[in-house]
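Asker: Here it is, the structure, as C-alpha cells.
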Amino acid sequence: MAEDMFCVGCGATLQTEHPDSVGYTPASALKNESALCQRCFRLKHYNEIQDVDMSDDDFLNLISSIAHTDSLVVHLVDIFDVSGSLIPSLKRITGKNPIMLIGNKMDILPKSTNEQRLKQWLKKEAQQLGLTVEDVYLISSRKGTGIDALTKRIEEKRQGKDVYIVGTTNVGKSTFINRLIKETTGEQNVITTSYFPGTTLGFIEIPLDEDTALIDTPGLVNAEQMAHYVSKDDLKIITPKTEIKPRVYQLNQEQTLFLGGLCRFDFEKGDRQSFVCYFANGLPIHRTKLSKADALYHEHLGKLLSPPDDQTIEILPEMTTHTFKITEPRTDIVFFGLGWISAIEGDATVTVHIPKHVRVALRKSLIQ
C-alpha cells in the first residue's frame, strides 16, 4: 500500500489493493518517480476513460464541489436500469447548474419502444425523485446512436462553460465520453494529445477549448443494484448486450417465476393474467407452483436455477420478501440492476423474494 504517494495526473492517493477504486496502480508502477494511477495511465497511453467505483459519501463530497461552479451537468443513466442509476440528490448537490438527462443503452430496449413517450416517462420519473432536468436525450454509446444530435445540443447548452459528466457505475459512461469527445473534436486521439497533469482529485479534465473542459467524474456505487452481489461471470449473464426479447407468462394465482436462482416472483392472488418479463435474454426463467417453490429452490439452486454460480452463492446476501398489492394496470415491478416484470392487468397481489440490500419497487410501465 502506497501511503504517501500521489498520482501526478489526478492527485489521488496511490494504492495497490483495490483495482476498481480510486488511485489504484500495480505495485511495479510505484518505482516510477512520476507515478500515475491506472485510470490516468490508460487515459494517457491508450486514449481510454476508465470508470472507478466510489462510495456514496466520497462521491457526494466530490460532486458537491460542482455547486460552486458555473457549468452544465450531464447525468447519464442506464435506460434498462433507470431506477438504479438515477441520482435523486443530484440537483441539490450541483446547485443551480442546468442538468441534461441522457438515457443510454437504447439499443437494448425493444425496437417497438416509442421514444417520445419514453422521454416523457423518463422526465416524469426524474421529477418524482426530486430531480429537475431541462433536456432528455436517448442514445446508444456502444452503437453511436443519437450522439451527433446530443453533441450539438451540449455545445449549444453549455454556452462556453465546463461540462461535468456524472452517473453511477455500469451506465456506460466511459464509452459515452469517448464517443462525445470524438464527435466534438473530430479527432480519434484527442484525449492522449490533450492530456495534462494536475486535475482535481477524482476528476479527469479533457479540454474542449482554451478555457473550458469536459470533466469526467468517478461512477457512484449504488449498493441497491444486483450487479454488486454477483460474480463477474454471472454479471455477464444478467447484463443485456443485445435487444431484449420480452417473455410473456400467463399465470394463475399461486404460481411462481424464478429468475435464475437470484430472485423469485410469486403471483399470490388475482385473476389469471399476463406478466411480461424484461431481463437479459440469457437469464433463464422457470415457472412452477407456489407450493413447490421452496423445495425447488433448496434442491436446484446453482443447478437448474442458475445463475448464481458457486462464487455468487458465497457472496449473495440472504433472501428477503416484499409483498405488493398492484391496483393499476401496466405497473412494473422493478428489480434494481436486473430488469423488471410488467403486470398488464393490475389487481394482483405479488411477493418478491430478493437478496437483502437489493431494492425492488413499483413504477408506471416504461414500455406501454
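Every chain in the C-alpha cells has a letter given in the order shown (A, B, ...), and although residue numbers restart at 1 in each chain, ligands are simply numbered from 1 in the order shown.
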Hey, what does DSSP flag as helix (DSSP H, G or I) within stretch 257-365 of chain A? Can you give it to me as an mmCIF file with all heavy atoms, in the first residue's frame?
Answerer:
```cif
data_model
loop_
_atom_site.group_PDB
_atom_site.id
_atom_site.type_symbol
_atom_site.label_atom_id
_atom_site.label_comp_id
_atom_site.auth_asym_id
_atom_site.auth_seq_id
_atom_site.Cartn_x
_atom_site.Cartn_y
_atom_site.Cartn_z
ATOM 1 N N LEU A 290 -46.541 -22.357 -6.628
ATOM 2 C CA LEU A 290 -46.071 -21.712 -5.409
ATOM 3 C C LEU A 290 -45.789 -22.745 -4.324
ATOM 4 O O LEU A 290 -44.814 -22.626 -3.578
ATOM 5 C CB LEU A 290 -47.110 -20.694 -4.935
ATOM 6 C CG LEU A 290 -46.814 -19.927 -3.642
ATOM 7 C CD1 LEU A 290 -45.484 -19.189 -3.727
ATOM 8 C CD2 LEU A 290 -47.944 -18.947 -3.327
ATOM 9 N N SER A 291 -46.606 -23.785 -4.275
ATOM 10 C CA SER A 291 -46.460 -24.810 -3.241
ATOM 11 C C SER A 291 -45.166 -25.608 -3.385
ATOM 12 O O SER A 291 -44.697 -26.219 -2.428
ATOM 13 C CB SER A 291 -47.661 -25.771 -3.279
ATOM 14 O OG SER A 291 -47.761 -26.398 -4.557
ATOM 15 N N LYS A 292 -44.583 -25.598 -4.577
ATOM 16 C CA LYS A 292 -43.355 -26.366 -4.817
ATOM 17 C C LYS A 292 -42.109 -25.476 -4.854
ATOM 18 O O LYS A 292 -40.987 -25.972 -4.991
ATOM 19 C CB LYS A 292 -43.456 -27.118 -6.150
ATOM 20 C CG LYS A 292 -44.559 -28.168 -6.192
ATOM 21 C CD LYS A 292 -44.565 -28.877 -7.541
ATOM 22 C CE LYS A 292 -45.641 -29.967 -7.587
ATOM 23 N NZ LYS A 292 -45.656 -30.656 -8.904
ATOM 24 N N ALA A 293 -42.288 -24.158 -4.728
ATOM 25 C CA ALA A 293 -41.196 -23.216 -4.958
ATOM 26 C C ALA A 293 -40.055 -23.363 -3.949
ATOM 27 O O ALA A 293 -38.880 -23.344 -4.324
ATOM 28 C CB ALA A 293 -41.732 -21.785 -4.942
ATOM 29 N N ASP A 294 -40.394 -23.500 -2.678
ATOM 30 C CA ASP A 294 -39.341 -23.602 -1.655
ATOM 31 C C ASP A 294 -38.466 -24.829 -1.893
ATOM 32 O O ASP A 294 -37.226 -24.742 -1.831
ATOM 33 C CB ASP A 294 -39.957 -23.668 -0.255
ATOM 34 C CG ASP A 294 -40.503 -22.329 0.210
ATOM 35 O OD1 ASP A 294 -40.103 -21.297 -0.367
ATOM 36 O OD2 ASP A 294 -41.334 -22.313 1.140
ATOM 37 N N ALA A 295 -39.086 -25.966 -2.167
ATOM 38 C CA ALA A 295 -38.332 -27.202 -2.383
ATOM 39 C C ALA A 295 -37.461 -27.098 -3.630
ATOM 40 O O ALA A 295 -36.303 -27.541 -3.636
ATOM 41 C CB ALA A 295 -39.302 -28.389 -2.511
ATOM 42 N N LEU A 296 -37.997 -26.494 -4.689
ATOM 43 C CA LEU A 296 -37.242 -26.334 -5.929
ATOM 44 C C LEU A 296 -36.000 -25.476 -5.695
ATOM 45 O O LEU A 296 -34.905 -25.801 -6.181
ATOM 46 C CB LEU A 296 -38.123 -25.695 -7.010
ATOM 47 C CG LEU A 296 -37.510 -25.557 -8.405
ATOM 48 C CD1 LEU A 296 -37.293 -26.928 -9.029
ATOM 49 C CD2 LEU A 296 -38.400 -24.707 -9.305
ATOM 50 N N TYR A 297 -36.167 -24.420 -4.932
ATOM 51 C CA TYR A 297 -35.054 -23.518 -4.653
ATOM 52 C C TYR A 297 -33.944 -24.233 -3.879
ATOM 53 O O TYR A 297 -32.764 -24.140 -4.239
ATOM 54 C CB TYR A 297 -35.556 -22.312 -3.861
ATOM 55 C CG TYR A 297 -34.488 -21.297 -3.529
ATOM 56 C CD1 TYR A 297 -34.060 -20.375 -4.483
ATOM 57 C CD2 TYR A 297 -33.917 -21.250 -2.257
ATOM 58 C CE1 TYR A 297 -33.069 -19.434 -4.185
ATOM 59 C CE2 TYR A 297 -32.931 -20.317 -1.947
ATOM 60 C CZ TYR A 297 -32.518 -19.412 -2.914
ATOM 61 O OH TYR A 297 -31.542 -18.494 -2.617
ATOM 62 N N HIS A 298 -34.308 -24.948 -2.823
ATOM 63 C CA HIS A 298 -33.315 -25.606 -1.981
ATOM 64 C C HIS A 298 -32.617 -26.759 -2.705
ATOM 65 O O HIS A 298 -31.435 -27.011 -2.474
ATOM 66 C CB HIS A 298 -33.960 -26.109 -0.686
ATOM 67 C CG HIS A 298 -34.374 -24.992 0.231
ATOM 68 N ND1 HIS A 298 -33.474 -24.110 0.782
ATOM 69 C CD2 HIS A 298 -35.606 -24.609 0.683
ATOM 70 C CE1 HIS A 298 -34.116 -23.237 1.538
ATOM 71 N NE2 HIS A 298 -35.409 -23.512 1.500
ATOM 72 N N GLU A 299 -33.320 -27.434 -3.605
ATOM 73 C CA GLU A 299 -32.742 -28.595 -4.284
ATOM 74 C C GLU A 299 -31.954 -28.229 -5.541
ATOM 75 O O GLU A 299 -31.017 -28.935 -5.920
ATOM 76 C CB GLU A 299 -33.862 -29.578 -4.675
ATOM 77 C CG GLU A 299 -34.531 -30.241 -3.477
ATOM 78 C CD GLU A 299 -35.708 -31.115 -3.902
ATOM 79 O OE1 GLU A 299 -35.815 -31.426 -5.114
ATOM 80 O OE2 GLU A 299 -36.525 -31.458 -3.032
ATOM 81 N N HIS A 300 -32.304 -27.129 -6.190
ATOM 82 C CA HIS A 300 -31.729 -26.854 -7.513
ATOM 83 C C HIS A 300 -31.003 -25.515 -7.631
ATOM 84 O O HIS A 300 -30.632 -25.116 -8.737
ATOM 85 C CB HIS A 300 -32.837 -26.917 -8.564
ATOM 86 C CG HIS A 300 -33.431 -28.278 -8.721
ATOM 87 N ND1 HIS A 300 -32.790 -29.304 -9.403
ATOM 88 C CD2 HIS A 300 -34.612 -28.803 -8.274
ATOM 89 C CE1 HIS A 300 -33.539 -30.383 -9.378
ATOM 90 N NE2 HIS A 300 -34.656 -30.113 -8.690
ATOM 91 N N ASP A 310 -21.194 -20.844 -8.218
ATOM 92 C CA ASP A 310 -20.667 -21.118 -6.877
ATOM 93 C C ASP A 310 -20.099 -19.856 -6.226
ATOM 94 O O ASP A 310 -20.266 -19.640 -5.020
ATOM 95 C CB ASP A 310 -19.568 -22.189 -6.950
ATOM 96 C CG ASP A 310 -20.135 -23.563 -7.287
ATOM 97 O OD1 ASP A 310 -21.359 -23.748 -7.132
ATOM 98 O OD2 ASP A 310 -19.363 -24.436 -7.719
ATOM 99 N N GLN A 311 -19.433 -19.022 -7.021
ATOM 100 C CA GLN A 311 -18.832 -17.810 -6.460
ATOM 101 C C GLN A 311 -19.905 -16.839 -5.981
ATOM 102 O O GLN A 311 -19.779 -16.233 -4.915
ATOM 103 C CB GLN A 311 -17.939 -17.143 -7.509
ATOM 104 C CG GLN A 311 -17.156 -15.957 -6.973
ATOM 105 C CD GLN A 311 -16.240 -15.339 -8.012
ATOM 106 O OE1 GLN A 311 -15.999 -15.924 -9.072
ATOM 107 N NE2 GLN A 311 -15.727 -14.155 -7.725
ATOM 108 N N THR A 312 -20.989 -16.711 -6.757
ATOM 109 C CA THR A 312 -22.071 -15.811 -6.354
ATOM 110 C C THR A 312 -22.770 -16.331 -5.111
ATOM 111 O O THR A 312 -23.132 -15.552 -4.218
ATOM 112 C CB THR A 312 -23.088 -15.649 -7.497
ATOM 113 O OG1 THR A 312 -22.443 -15.038 -8.619
ATOM 114 C CG2 THR A 312 -24.260 -14.776 -7.077
ATOM 115 N N ILE A 313 -22.971 -17.641 -5.029
ATOM 116 C CA ILE A 313 -23.639 -18.224 -3.856
ATOM 117 C C ILE A 313 -22.903 -17.848 -2.579
ATOM 118 O O ILE A 313 -23.516 -17.605 -1.530
ATOM 119 C CB ILE A 313 -23.748 -19.756 -3.998
ATOM 120 C CG1 ILE A 313 -24.777 -20.107 -5.091
ATOM 121 C CG2 ILE A 313 -24.141 -20.412 -2.678
ATOM 122 C CD1 ILE A 313 -24.890 -21.581 -5.399
ATOM 123 N N GLU A 314 -21.573 -17.756 -2.642
ATOM 124 C CA GLU A 314 -20.777 -17.424 -1.455
ATOM 125 C C GLU A 314 -20.986 -15.985 -1.003
ATOM 126 O O GLU A 314 -20.870 -15.681 0.186
ATOM 127 C CB GLU A 314 -19.295 -17.662 -1.748
ATOM 128 C CG GLU A 314 -18.925 -19.138 -1.891
ATOM 129 C CD GLU A 314 -17.432 -19.321 -2.102
ATOM 130 O OE1 GLU A 314 -16.699 -18.298 -2.039
ATOM 131 O OE2 GLU A 314 -16.991 -20.459 -2.326
ATOM 132 N N ILE A 315 -21.274 -15.083 -1.939
ATOM 133 C CA ILE A 315 -21.368 -13.659 -1.580
ATOM 134 C C ILE A 315 -22.794 -13.120 -1.597
ATOM 135 O O ILE A 315 -23.044 -11.998 -1.147
ATOM 136 C CB ILE A 315 -20.502 -12.795 -2.529
ATOM 137 C CG1 ILE A 315 -20.994 -12.920 -3.983
ATOM 138 C CG2 ILE A 315 -19.041 -13.189 -2.431
ATOM 139 C CD1 ILE A 315 -20.258 -12.017 -4.960
#
```
Asker: Which one of A:Ala227, A:Leu304, A:Ile99, A:Leu86 sits closest to A:Val358 if you count only C-alpha atoms?
Answerer: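 When distances to A:Val358 are compared using only C-alpha atoms, the smallest one comes from A:Ala227.
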Asker: Grab the atom CA of A:Ser306 to atom CA of A:Thr242 distance for me, in Å with one decimal place.
Answerer: 20.2 Å
Asker: Considering only C-alpha atoms, tabulate each residue of stretch 100-130 of chain A that lies at most 12 Å from stretch 228-240 of chain A along with its nearest interatomic pair and the corresponding distance in Å to one decimal; arrange the rows by chain and ascending residue number and present them as CSV.
Answerer:
```
residue,atom,partner,partner_atom,distance
A:Lys105,CA,A:Pro240,CA,9.3
A:Met106,CA,A:Pro240,CA,11.2
A:Asp107,CA,A:Pro240,CA,9.8
A:Ile108,CA,A:Pro240,CA,6.7
A:Leu109,CA,A:Pro240,CA,9.5
A:Pro110,CA,A:Pro240,CA,11.9
```
Asker: To one decimal place in Å, what is the distance between atom CA of A:Gly270 and atom CA of A:Ala348?
Answerer: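 Spanning atom CA of A:Gly270 to atom CA of A:Ala348 is a straight-line distance of 4.7 Å.
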Asker: May I have all residues of stretch 38-154 of chain A that DSSP, computed from the backbone, assigns to strand (DSSP E), given as a ChimeraX atom specification?
Answerer: /A:53-54,71-78,99-104,135-138
Asker: Go through A:Phe275, A:Glu243, A:Lys157, A:Val136 and flag the residue nearest A:Lys124, using only C-alpha atoms for the distances.
Answerer: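 Result for the nearest residue to A:Lys124: A:Val136.
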Asker: Taking into account only C-alpha atoms, which residue in the set A:Ile215, A:Ala35, A:Val82, A:Val248 is nearest to A:Ile102?
Answerer: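 Residue with the minimum atom-to-atom distance to A:Ile102: A:Val82.
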Asker: Which value, in Å to one decimal, gives the distance between atom CA of A:Thr132 and atom CA of A:Glu205?
Answerer: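 Between atom CA of A:Thr132 and atom CA of A:Glu205 the gap is 25.6 Å.
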Asker: Quick one: contact table of stretch 2-100 of chain A to stretch 330-345 of chain A, 12 Å max, nearest atom pair and distance in Å to one decimal per residue, counting only C-alpha atoms, chain and number order, as CSV?
Answerer:
```
residue,atom,partner,partner_atom,distance
A:Val77,CA,A:Gly337,CA,11.9
A:Asp78,CA,A:Gly337,CA,9.5
A:Ile79,CA,A:Gly339,CA,10.5
A:Phe80,CA,A:Gly339,CA,6.9
A:Asp81,CA,A:Gly337,CA,5.7
A:Val82,CA,A:Phe336,CA,8.5
A:Ser83,CA,A:Phe336,CA,6.6
A:Gly84,CA,A:Phe336,CA,5.3
A:Ser85,CA,A:Gly337,CA,8.5
A:Leu86,CA,A:Phe336,CA,11.1
```
